[in-house]
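What's in work.txt: compact mmCIF, C-alpha atoms
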# COMPACT_ATOMS: atom_id res chain seq x y z
CA MET A 1 11.87 38.20 -42.62
CA THR A 2 12.62 36.37 -45.87
CA SER A 3 15.23 38.22 -47.93
CA LYS A 4 15.85 37.77 -51.61
CA THR A 5 19.39 36.59 -50.88
CA SER A 6 18.20 33.80 -48.60
CA ILE A 7 15.68 32.58 -51.20
CA LEU A 8 18.35 32.63 -53.92
CA LEU A 9 20.64 30.66 -51.64
CA ILE A 10 18.01 27.98 -50.97
CA VAL A 11 17.16 27.65 -54.67
CA SER A 12 20.89 27.48 -55.49
CA GLN A 13 21.40 24.64 -53.03
CA ASN A 14 18.23 22.82 -54.12
CA PRO A 15 17.96 23.07 -57.95
CA GLY A 16 14.46 22.21 -59.11
CA ILE A 17 12.85 22.82 -55.73
CA ASP A 18 9.10 23.43 -55.95
CA TYR A 19 7.06 26.14 -54.29
CA GLN A 20 5.67 23.94 -51.52
CA ALA A 21 9.09 22.59 -50.54
CA LEU A 22 10.48 26.12 -50.47
CA LEU A 23 7.54 27.25 -48.36
CA SER A 24 8.13 24.46 -45.85
CA LYS A 25 11.72 25.64 -45.36
CA ILE A 26 10.78 29.20 -44.42
CA ALA A 27 7.43 28.58 -42.68
CA PRO A 28 8.88 27.86 -39.19
CA ASN A 29 10.20 31.42 -39.06
CA TYR A 30 6.71 32.96 -39.33
CA ALA A 31 3.78 33.21 -36.97
CA ASN A 32 1.51 31.34 -39.37
CA LEU A 33 1.51 29.72 -42.79
CA ASN A 34 -0.38 32.55 -44.47
CA SER A 35 2.31 35.07 -43.47
CA ALA A 36 5.05 32.78 -44.79
CA ARG A 37 3.16 32.23 -48.05
CA ALA A 38 2.65 35.97 -48.58
CA ALA A 39 6.31 36.77 -47.93
CA LEU A 40 7.55 33.99 -50.21
CA SER A 41 5.20 34.96 -53.03
CA ARG A 42 6.37 38.57 -52.83
CA VAL A 43 10.07 37.66 -52.91
CA LEU A 44 9.65 35.07 -55.68
CA LYS A 45 7.68 37.52 -57.81
CA ASP A 46 10.53 40.04 -57.65
CA ALA A 47 13.20 37.37 -58.23
CA VAL A 48 11.42 36.03 -61.30
CA SER A 49 10.66 39.49 -62.71
CA PHE A 50 14.33 40.50 -62.37
CA GLY A 51 15.46 37.28 -64.07
CA MET A 52 17.21 35.79 -61.05
CA VAL A 53 14.96 32.73 -60.74
CA ALA A 54 13.44 30.76 -63.60
CA LYS A 55 10.31 28.61 -63.43
CA GLN A 56 10.09 25.33 -65.34
CA ASN A 57 6.71 23.73 -64.80
CA HIS A 58 6.51 23.69 -60.99
CA GLN A 59 10.27 23.76 -60.41
CA LEU A 60 12.51 26.71 -59.56
CA PHE A 61 16.07 27.18 -60.83
CA LEU A 62 18.68 29.87 -60.24
CA THR A 63 19.64 31.75 -63.40
CA ASP A 64 23.13 33.02 -64.27
CA LYS A 65 22.03 36.49 -63.19
CA GLY A 66 20.78 35.14 -59.88
CA SER A 67 24.00 33.20 -59.35
CA ALA A 68 26.09 36.30 -60.04
CA SER A 69 24.00 38.36 -57.61
CA LEU A 70 24.33 35.70 -54.94
CA LYS A 71 28.10 35.53 -55.37
CA VAL A 72 28.39 39.28 -54.86
CA LYS A 73 26.39 39.01 -51.64
CA MET A 74 28.54 36.13 -50.42
CA HIS A 75 31.71 38.04 -51.30
CA ASP A 76 30.51 40.98 -49.23
CA LYS A 77 29.77 38.72 -46.27
CA LEU A 78 33.22 37.11 -46.47
CA VAL A 79 35.02 40.46 -46.55
CA LEU A 80 32.85 41.77 -43.71
CA LYS A 81 33.71 38.74 -41.59
CA LEU A 82 37.42 39.17 -42.27
CA ASN A 83 37.20 42.81 -41.18
CA GLN A 84 35.45 41.75 -37.98
CA LEU A 85 38.05 39.08 -37.20
CA MET A 86 40.95 41.48 -37.71
CA ASN A 87 39.34 43.93 -35.27
CA ILE A 88 39.57 41.41 -32.44
CA ARG A 89 42.61 42.34 -30.34
CA SER A 90 43.21 38.75 -29.27
CA VAL A 91 42.96 37.23 -32.74
CA ALA A 92 46.51 35.87 -32.39
CA SER A 93 45.40 33.69 -29.47
CA ASN A 94 42.69 32.05 -31.61
CA PRO A 95 43.80 32.40 -35.25
CA ASP A 96 41.79 29.47 -36.66
CA PRO A 97 38.77 31.51 -37.88
CA LEU A 98 41.01 34.11 -39.55
CA VAL A 99 43.13 31.45 -41.26
CA GLN A 100 40.01 29.63 -42.42
CA HIS A 101 38.43 32.73 -43.92
CA LEU A 102 41.64 33.87 -45.59
CA SER A 103 41.92 30.38 -47.12
CA VAL A 104 38.38 30.66 -48.48
CA LEU A 105 39.17 34.10 -49.88
CA LEU A 106 42.38 32.99 -51.59
CA GLU A 107 40.97 29.72 -52.96
CA ARG A 108 37.70 31.16 -54.23
CA GLY A 109 39.52 34.11 -55.77
CA LYS A 110 41.44 31.74 -58.05
CA SER A 111 38.22 30.82 -59.85
CA ASP A 112 36.49 34.18 -59.44
CA PRO A 113 38.91 37.15 -59.78
CA ARG A 114 36.07 39.55 -58.97
CA LEU A 115 36.34 38.42 -55.38
CA PHE A 116 39.92 39.74 -55.21
CA ASP A 117 38.82 43.05 -56.77
CA ASN A 118 36.04 43.40 -54.24
CA ALA A 119 38.26 42.40 -51.30
CA ARG A 120 41.12 44.75 -52.20
CA ALA A 121 38.70 47.67 -52.23
CA SER A 122 36.74 46.67 -49.12
CA VAL A 123 39.12 45.27 -46.49
CA ASN A 124 39.90 47.50 -43.52
CA PHE A 125 43.25 45.87 -42.78
CA SER A 126 46.62 45.63 -44.49
CA VAL A 127 49.09 42.84 -45.14
CA ASP A 128 51.18 44.30 -42.33
CA ASP A 129 48.25 43.88 -39.94
CA VAL A 130 48.13 40.19 -40.84
CA LEU A 131 51.90 40.08 -40.31
CA LYS A 132 51.39 41.38 -36.76
CA VAL A 133 48.88 38.57 -36.14
CA HIS A 134 51.45 36.10 -37.46
CA GLU A 135 54.06 37.44 -35.07
CA GLY A 136 51.58 37.17 -32.22
CA VAL A 137 50.87 33.54 -33.12
CA LYS A 138 54.60 32.77 -33.02
CA GLN A 139 54.88 34.35 -29.57
CA ASN A 140 51.95 32.27 -28.36
CA ILE A 141 53.64 29.15 -29.70
CA LYS A 142 56.75 29.95 -27.66
CA HIS A 143 54.63 30.54 -24.57
CA LEU A 144 52.77 27.25 -25.08
CA GLU A 145 56.05 25.39 -25.56
CA TYR A 146 57.25 26.83 -22.24
CA LEU A 147 54.01 25.80 -20.52
CA GLU A 148 54.18 22.32 -22.05
CA LYS A 149 57.73 21.80 -20.81
CA THR A 150 56.87 23.11 -17.34
CA LEU A 151 53.78 20.92 -17.11
CA GLU A 152 55.81 17.89 -18.20
CA ASN A 153 58.24 18.50 -15.31
CA GLN A 154 55.36 18.98 -12.90
CA LEU A 155 53.78 15.71 -14.00
CA SER A 156 57.06 13.94 -13.36
CA SER A 157 57.24 15.45 -9.87
CA LEU A 158 53.67 14.42 -9.07
CA ARG A 159 54.46 10.84 -10.09
CA GLU A 160 57.61 10.80 -7.96
CA LEU A 161 55.54 12.03 -5.01
CA ASN A 162 53.09 9.19 -5.65
CA PHE A 163 50.04 11.41 -6.16
CA PRO A 164 46.82 9.54 -7.10
CA GLY A 165 46.53 8.22 -10.62
CA GLU A 166 43.61 6.81 -12.57
CA ARG A 167 43.16 4.22 -15.31
CA VAL A 168 39.99 3.39 -17.22
CA LYS A 169 39.32 -0.09 -18.58
CA HIS A 170 36.39 -1.65 -20.39
CA LEU A 171 34.56 -4.17 -18.22
CA SER A 172 35.53 -7.00 -20.57
CA ALA A 173 39.22 -6.03 -20.43
CA PHE A 174 39.26 -5.45 -16.68
CA HIS A 175 39.11 -9.14 -15.69
CA GLU A 176 42.69 -9.90 -16.74
CA HIS A 177 44.03 -7.27 -14.31
CA ILE A 178 42.08 -8.49 -11.27
CA PRO A 179 44.70 -11.01 -9.98
CA ARG A 180 47.49 -8.42 -9.99
CA LEU A 181 45.21 -5.79 -8.44
CA ILE A 182 44.45 -8.16 -5.57
CA LYS A 183 48.14 -8.90 -5.09
CA GLU A 184 49.35 -5.27 -5.23
CA SER A 185 46.53 -3.96 -3.02
CA SER A 186 47.50 -6.33 -0.18
CA ALA A 187 43.81 -6.33 0.73
CA GLU A 188 42.19 -9.42 2.19
CA GLU A 189 38.70 -8.00 1.78
CA ILE A 190 36.93 -5.48 -0.40
CA GLN A 191 34.07 -3.20 0.57
CA VAL A 192 31.17 -2.79 -1.84
CA GLU A 193 29.13 0.42 -1.84
CA HIS A 194 26.14 1.54 -3.88
CA SER A 195 24.12 4.73 -3.42
CA GLN A 196 20.83 2.89 -3.98
CA VAL A 197 21.56 -0.29 -2.02
CA ASP A 198 21.84 -0.62 1.77
CA PHE A 199 23.77 -3.84 2.19
CA SER A 200 23.11 -3.84 5.94
CA THR A 201 19.44 -4.64 5.22
CA GLN A 202 19.88 -6.27 1.80
CA THR A 203 22.36 -8.99 2.71
CA SER A 204 20.87 -11.28 0.08
CA HIS A 205 21.26 -8.80 -2.76
CA SER A 206 22.20 -10.56 -6.00
CA LEU A 207 25.54 -8.72 -6.13
CA VAL A 208 26.85 -10.30 -2.92
CA GLN A 209 24.58 -13.30 -2.40
CA GLY A 210 26.61 -16.43 -1.66
CA LEU A 211 29.86 -14.45 -1.22
CA SER A 212 29.67 -14.43 2.61
CA PRO A 213 29.11 -10.67 2.91
CA ILE A 214 29.67 -8.87 6.21
CA SER A 215 27.72 -5.65 6.75
CA LYS A 216 29.77 -2.57 7.53
CA GLY A 217 27.30 0.28 7.70
CA SER A 218 25.67 0.55 4.28
CA ARG A 219 28.59 -1.35 2.73
CA ALA A 220 29.17 -5.07 2.35
CA ALA A 221 32.62 -6.56 2.97
CA ILE A 222 33.57 -9.70 1.03
CA ASN A 223 36.77 -11.61 0.39
CA ALA A 224 39.03 -9.86 -2.14
CA HIS A 225 39.21 -13.05 -4.26
CA HIS A 226 35.51 -12.56 -5.08
CA LEU A 227 36.28 -9.40 -7.08
CA GLY A 228 36.08 -11.25 -10.41
CA GLU A 229 32.68 -12.73 -9.54
CA LEU A 230 31.44 -9.33 -8.34
CA THR A 231 32.53 -7.75 -11.63
CA THR A 232 30.68 -10.41 -13.64
CA ARG A 233 27.53 -9.97 -11.58
CA PHE A 234 27.61 -6.19 -11.96
CA SER A 235 27.93 -6.44 -15.75
CA ASN A 236 24.75 -8.57 -15.75
CA GLN A 237 22.79 -6.11 -13.58
CA SER A 238 20.89 -3.91 -16.03
CA ASP A 239 19.22 -1.93 -13.21
CA LEU A 240 22.50 -0.79 -11.57
CA GLU A 241 24.18 2.19 -13.20
CA ASN A 242 27.25 2.36 -10.97
CA LEU A 243 29.10 0.68 -8.14
CA ARG A 244 32.08 1.59 -5.94
CA VAL A 245 34.53 -0.90 -4.50
CA TYR A 246 37.20 -0.04 -1.91
CA MET A 247 40.20 -2.33 -2.17
CA GLY A 248 43.19 -1.41 -0.04
CA PHE A 249 45.12 1.30 -1.88
CA PHE A 250 42.63 1.28 -4.77
CA THR A 251 39.12 2.58 -5.38
CA LEU A 252 37.18 1.00 -8.25
CA ASP A 253 34.26 2.89 -9.79
CA TYR A 254 32.08 0.73 -12.02
CA SER A 255 29.79 2.07 -14.72
CA PRO A 256 27.80 0.03 -17.27
CA HIS A 257 30.69 -0.21 -19.75
CA GLN A 258 33.91 0.53 -17.89
CA VAL A 259 35.82 0.52 -14.63
CA SER A 260 37.81 3.46 -13.30
CA ILE A 261 40.79 2.38 -11.17
CA ARG A 262 42.10 5.09 -8.83
CA GLY A 263 45.14 4.67 -6.62
CA PRO A 264 48.80 5.64 -6.07
CA SER A 265 50.30 6.52 -9.44
CA GLN A 266 53.47 4.49 -8.84
CA LEU A 267 51.42 1.37 -8.12
CA LEU A 268 49.32 1.90 -11.25
CA ASP A 269 52.49 2.31 -13.32
CA LYS A 270 53.85 -0.91 -11.79
CA LEU A 271 50.65 -2.72 -12.81
CA GLU A 272 51.15 -1.48 -16.40
CA ILE A 273 47.43 -0.82 -16.82
CA THR A 274 46.74 1.38 -19.83
CA ASN A 275 43.63 3.43 -20.54
CA ASP A 276 41.18 1.99 -23.03
CA THR A 277 40.06 4.29 -25.82
CA ARG A 278 36.35 5.01 -25.70
CA SER A 279 34.45 3.60 -28.65
CA SER A 280 32.72 6.95 -29.18
CA GLU A 281 36.05 8.44 -30.25
CA ASN A 282 36.50 5.98 -33.11
CA VAL A 283 34.87 8.17 -35.70
CA SER A 284 35.46 7.50 -39.36
CA SER A 285 37.77 10.00 -40.98
CA THR A 286 36.11 9.59 -44.36
CA ALA A 287 32.69 10.92 -43.36
CA PRO A 288 31.43 13.33 -46.06
CA VAL A 289 30.33 16.89 -45.46
CA SER A 290 26.57 16.54 -45.36
CA GLU A 291 25.55 20.17 -45.09
CA PRO A 292 27.03 23.38 -46.50
CA GLY A 293 28.69 25.60 -43.97
CA VAL A 294 29.62 22.73 -41.67
CA VAL A 295 33.16 22.36 -40.35
CA THR A 296 34.21 18.72 -40.17
CA LYS A 297 37.26 17.19 -38.51
CA SER A 298 39.27 14.27 -39.76
CA ASN A 299 40.87 12.02 -37.12
CA SER A 300 43.39 10.34 -39.38
CA ARG A 301 44.84 13.40 -41.10
CA SER A 302 43.96 16.15 -38.63
CA GLU A 303 42.28 18.40 -41.17
CA LYS A 304 39.29 20.73 -41.34
CA THR A 305 37.02 21.24 -44.32
CA VAL A 306 35.61 24.77 -44.41
CA VAL A 307 32.60 25.12 -46.70
CA GLU A 308 31.76 28.59 -47.94
CA GLY A 309 28.86 28.68 -50.34
CA ASP A 310 29.46 25.89 -52.84
CA TYR A 311 33.22 25.78 -52.36
CA ALA A 312 35.13 23.62 -49.88
CA VAL A 313 38.64 24.34 -48.62
CA THR A 314 40.63 21.69 -46.75
CA LEU A 315 43.34 22.91 -44.40
CA PRO A 316 45.27 21.45 -41.48
CA THR A 317 43.99 21.98 -37.97
CA PHE A 318 46.03 23.88 -35.42
CA PRO A 319 46.96 22.28 -32.09
CA LEU A 320 46.95 25.66 -30.37
CA PRO A 321 44.39 25.89 -27.55
CA GLU A 322 42.90 29.28 -26.91
CA MET A 323 45.03 31.39 -24.59
CA PRO A 324 43.20 32.83 -21.55
CA LEU A 325 43.37 36.43 -22.74
CA TYR A 326 40.74 39.02 -21.90
CA ILE A 327 38.19 39.76 -24.59
CA SER A 328 35.83 42.68 -24.34
CA ALA A 329 32.10 42.22 -24.73
CA SER A 330 32.11 43.97 -28.11
CA GLU A 331 34.76 41.58 -29.41
CA ASN A 332 33.44 38.41 -27.86
CA LYS A 333 30.39 38.27 -30.13
CA TYR A 334 32.66 37.68 -33.12
CA ARG A 335 35.07 35.33 -31.42
CA ASP A 336 33.57 31.93 -32.25
CA ASN A 337 31.29 32.97 -35.09
CA VAL A 338 32.82 31.14 -38.05
CA PHE A 339 31.38 32.49 -41.32
CA THR A 340 28.89 30.10 -42.80
CA PRO A 341 26.66 31.87 -45.35
CA ASP A 342 24.19 28.99 -45.45
CA GLU A 343 23.62 29.13 -41.71
CA ASN A 344 23.44 32.92 -41.57
CA SER A 345 20.99 33.03 -44.42
CA GLU A 346 18.84 30.29 -42.93
CA LYS A 347 18.57 32.24 -39.68
CA ARG A 348 17.11 35.18 -41.56
CA LEU A 349 14.41 33.06 -43.22

Please express what this file holds, its structure, as structure tokens.
Amino acid sequence: MTSKTSILLIVSQNPGIDYQALLSKIAPNYANLNSARAALSRVLKDAVSFGMVAKQNHQLFLTDKGSASLKVKMHDKLVLKLNQLMNIRSVASNPDPLVQHLSVLLERGKSDPRLFDNARASVNFSVDDVLKVHEGVKQNIKHLEYLEKTLENQLSSLRELNFPGERVKHLSAFHEHIPRLIKESSAEEIQVEHSQVDFSTQTSHSLVQGLSPISKGSRAAINAHHLGELTTRFSNQSDLENLRVYMGFFTLDYSPHQVSIRGPSQLLDKLEITNDTRSSENVSSTAPVSEPGVVTKSNSRSEKTVVEGDYAVTLPTFPLPEMPLYISASENKYRDNVFTPDENSEKRL
């Protein structure tokens, strides 16, 4: 299960790694520790005897010969992946993987001309084939521009027809909108509903206690001017995960951190309530790449960093969503498989 290439890759990424640490990395892929130890010893013996790995005390280092051998293997994998991507008929609808791998090829080739020599002799496609993909991408862009314009007109029509809209506010920011919501809803009372609370039997529940609730089935009806107090009480209820409030034209869905306001889109526009950005989306754009072979996204500059081996290539992301084109089963297995030699090698350990 453990190939020489995978061991060379681990040693390359962890200079000075000792035998036990190396064993711990490959052991989970074997039935027992003895099998992992036997396989590792066999591979290391060959790697050392062929001068690809050098031992210094209890530490292992990749030699120049081992590094050269590993590069050849990685070159072969890159070219193989490019051939696979070009064989996908719908590559123009999802060109990101192809563009990423071509960028790796062209950037790495600048520092290692042997990569270009190997690629020229091994690729199964021509420059004209890539040109056809480029033309297909341009056609998809035109189609997406048409769809975007059509959808924009449809959105305008839906707003004019006063279809339902929705706004999401943080609980803390929701309070300032309550007075205008009460006014625009024209509701004198609100109805409170919770899937786990039957207000017909729990009239003294802490949510509505002291607010003169009136039971209406499993709901409790209270004066609309108590909405602010109800919101405050809900935010202090750690055991309640959600709550629904019916308020004239509007339906309010409470969750622990936010309120979803659903109602006629024209009324919501009149209230000038904007959606709050979720805190989980505020990710730092300066986060480093922590593992080889990982694709990271930058929010501020809209870039991707593609790591191939020990080389990183930064390129802009593409706003093109994948077009709903048919992909055969034989093609689909290559569709989302971005080449990451570290990951592929680790899977073979």

| query | stretch 201-210 of chain A: which residues within 12 Å, counting only C-alpha atoms, same-chain residues fewer than 2 positions away excluded, as a ChimeraX atom specification? | reply | /A:190-194,196-199,212-223,226-240,243

Selection above as a file: C-alpha atoms, as a PDB file, in the coordinates of the input:
ATOM      1  CA  ILE A 190      36.930  -5.480  -0.400  1.00  0.00           C
ATOM      2  CA  GLN A 191      34.070  -3.200   0.570  1.00  0.00           C
ATOM      3  CA  VAL A 192      31.170  -2.790  -1.840  1.00  0.00           C
ATOM      4  CA  GLU A 193      29.130   0.420  -1.840  1.00  0.00           C
ATOM      5  CA  HIS A 194      26.140   1.540  -3.880  1.00  0.00           C
ATOM      6  CA  GLN A 196      20.830   2.890  -3.980  1.00  0.00           C
ATOM      7  CA  VAL A 197      21.560  -0.290  -2.020  1.00  0.00           C
ATOM      8  CA  ASP A 198      21.840  -0.620   1.770  1.00  0.00           C
ATOM      9  CA  PHE A 199      23.770  -3.840   2.190  1.00  0.00           C
ATOM     10  CA  SER A 212      29.670 -14.430   2.610  1.00  0.00           C
ATOM     11  CA  PRO A 213      29.110 -10.670   2.910  1.00  0.00           C
ATOM     12  CA  ILE A 214      29.670  -8.870   6.210  1.00  0.00           C
ATOM     13  CA  SER A 215      27.720  -5.650   6.750  1.00  0.00           C
ATOM     14  CA  LYS A 216      29.770  -2.570   7.530  1.00  0.00           C
ATOM     15  CA  GLY A 217      27.300   0.280   7.700  1.00  0.00           C
ATOM     16  CA  SER A 218      25.670   0.550   4.280  1.00  0.00           C
ATOM     17  CA  ARG A 219      28.590  -1.350   2.730  1.00  0.00           C
ATOM     18  CA  ALA A 220      29.170  -5.070   2.350  1.00  0.00           C
ATOM     19  CA  ALA A 221      32.620  -6.560   2.970  1.00  0.00           C
ATOM     20  CA  ILE A 222      33.570  -9.700   1.030  1.00  0.00           C
ATOM     21  CA  ASN A 223      36.770 -11.610   0.390  1.00  0.00           C
ATOM     22  CA  HIS A 226      35.510 -12.560  -5.080  1.00  0.00           C
ATOM     23  CA  LEU A 227      36.280  -9.400  -7.080  1.00  0.00           C
ATOM     24  CA  GLY A 228      36.080 -11.250 -10.410  1.00  0.00           C
ATOM     25  CA  GLU A 229      32.680 -12.730  -9.540  1.00  0.00           C
ATOM     26  CA  LEU A 230      31.440  -9.330  -8.340  1.00  0.00           C
ATOM     27  CA  THR A 231      32.530  -7.750 -11.630  1.00  0.00           C
ATOM     28  CA  THR A 232      30.680 -10.410 -13.640  1.00  0.00           C
ATOM     29  CA  ARG A 233      27.530  -9.970 -11.580  1.00  0.00           C
ATOM     30  CA  PHE A 234      27.610  -6.190 -11.960  1.00  0.00           C
ATOM     31  CA  SER A 235      27.930  -6.440 -15.750  1.00  0.00           C
ATOM     32  CA  ASN A 236      24.750  -8.570 -15.750  1.00  0.00           C
ATOM     33  CA  GLN A 237      22.790  -6.110 -13.580  1.00  0.00           C
ATOM     34  CA  SER A 238      20.890  -3.910 -16.030  1.00  0.00           C
ATOM     35  CA  ASP A 239      19.220  -1.930 -13.210  1.00  0.00           C
ATOM     36  CA  LEU A 240      22.500  -0.790 -11.570  1.00  0.00           C
ATOM     37  CA  LEU A 243      29.100   0.680  -8.140  1.00  0.00           C
TER      38      LEU A 243
END

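Within the 10 Å cut-off around A:Ser172, using only C-alpha atoms and omitting residues fewer than 2 positions from it on the same chain, the listed residues are Lys169, His170, Phe174, His175, Glu176, Thr231, Thr232, Ser235, His257, Gln258 and Val259 of chain A.
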
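The two atoms in question, atom CA of A:Leu268 and atom CA of A:His177, are spaced 11.0 Å apart.
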
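We find atom CA of A:Arg42 and atom CA of A:Val79 to be spaced 29.4 Å apart.
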
| For stretch 178-187 of chain A: contacts at 8 Å, all atoms listed in the file, fewer than 6 positions along chain excluded, given as a list in words | Ala224, His225, Leu227, Gly228, Met247, Gly248, Phe249, Phe250, Leu267 and Leu271 of chain A

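Look at A:Asn242: the protein and nucleic acid residues within 7 Å of it, using all atoms listed in the file and passing over chain neighbours fewer than 3 places away, are A:Tyr254, A:Ser255, A:Pro256.
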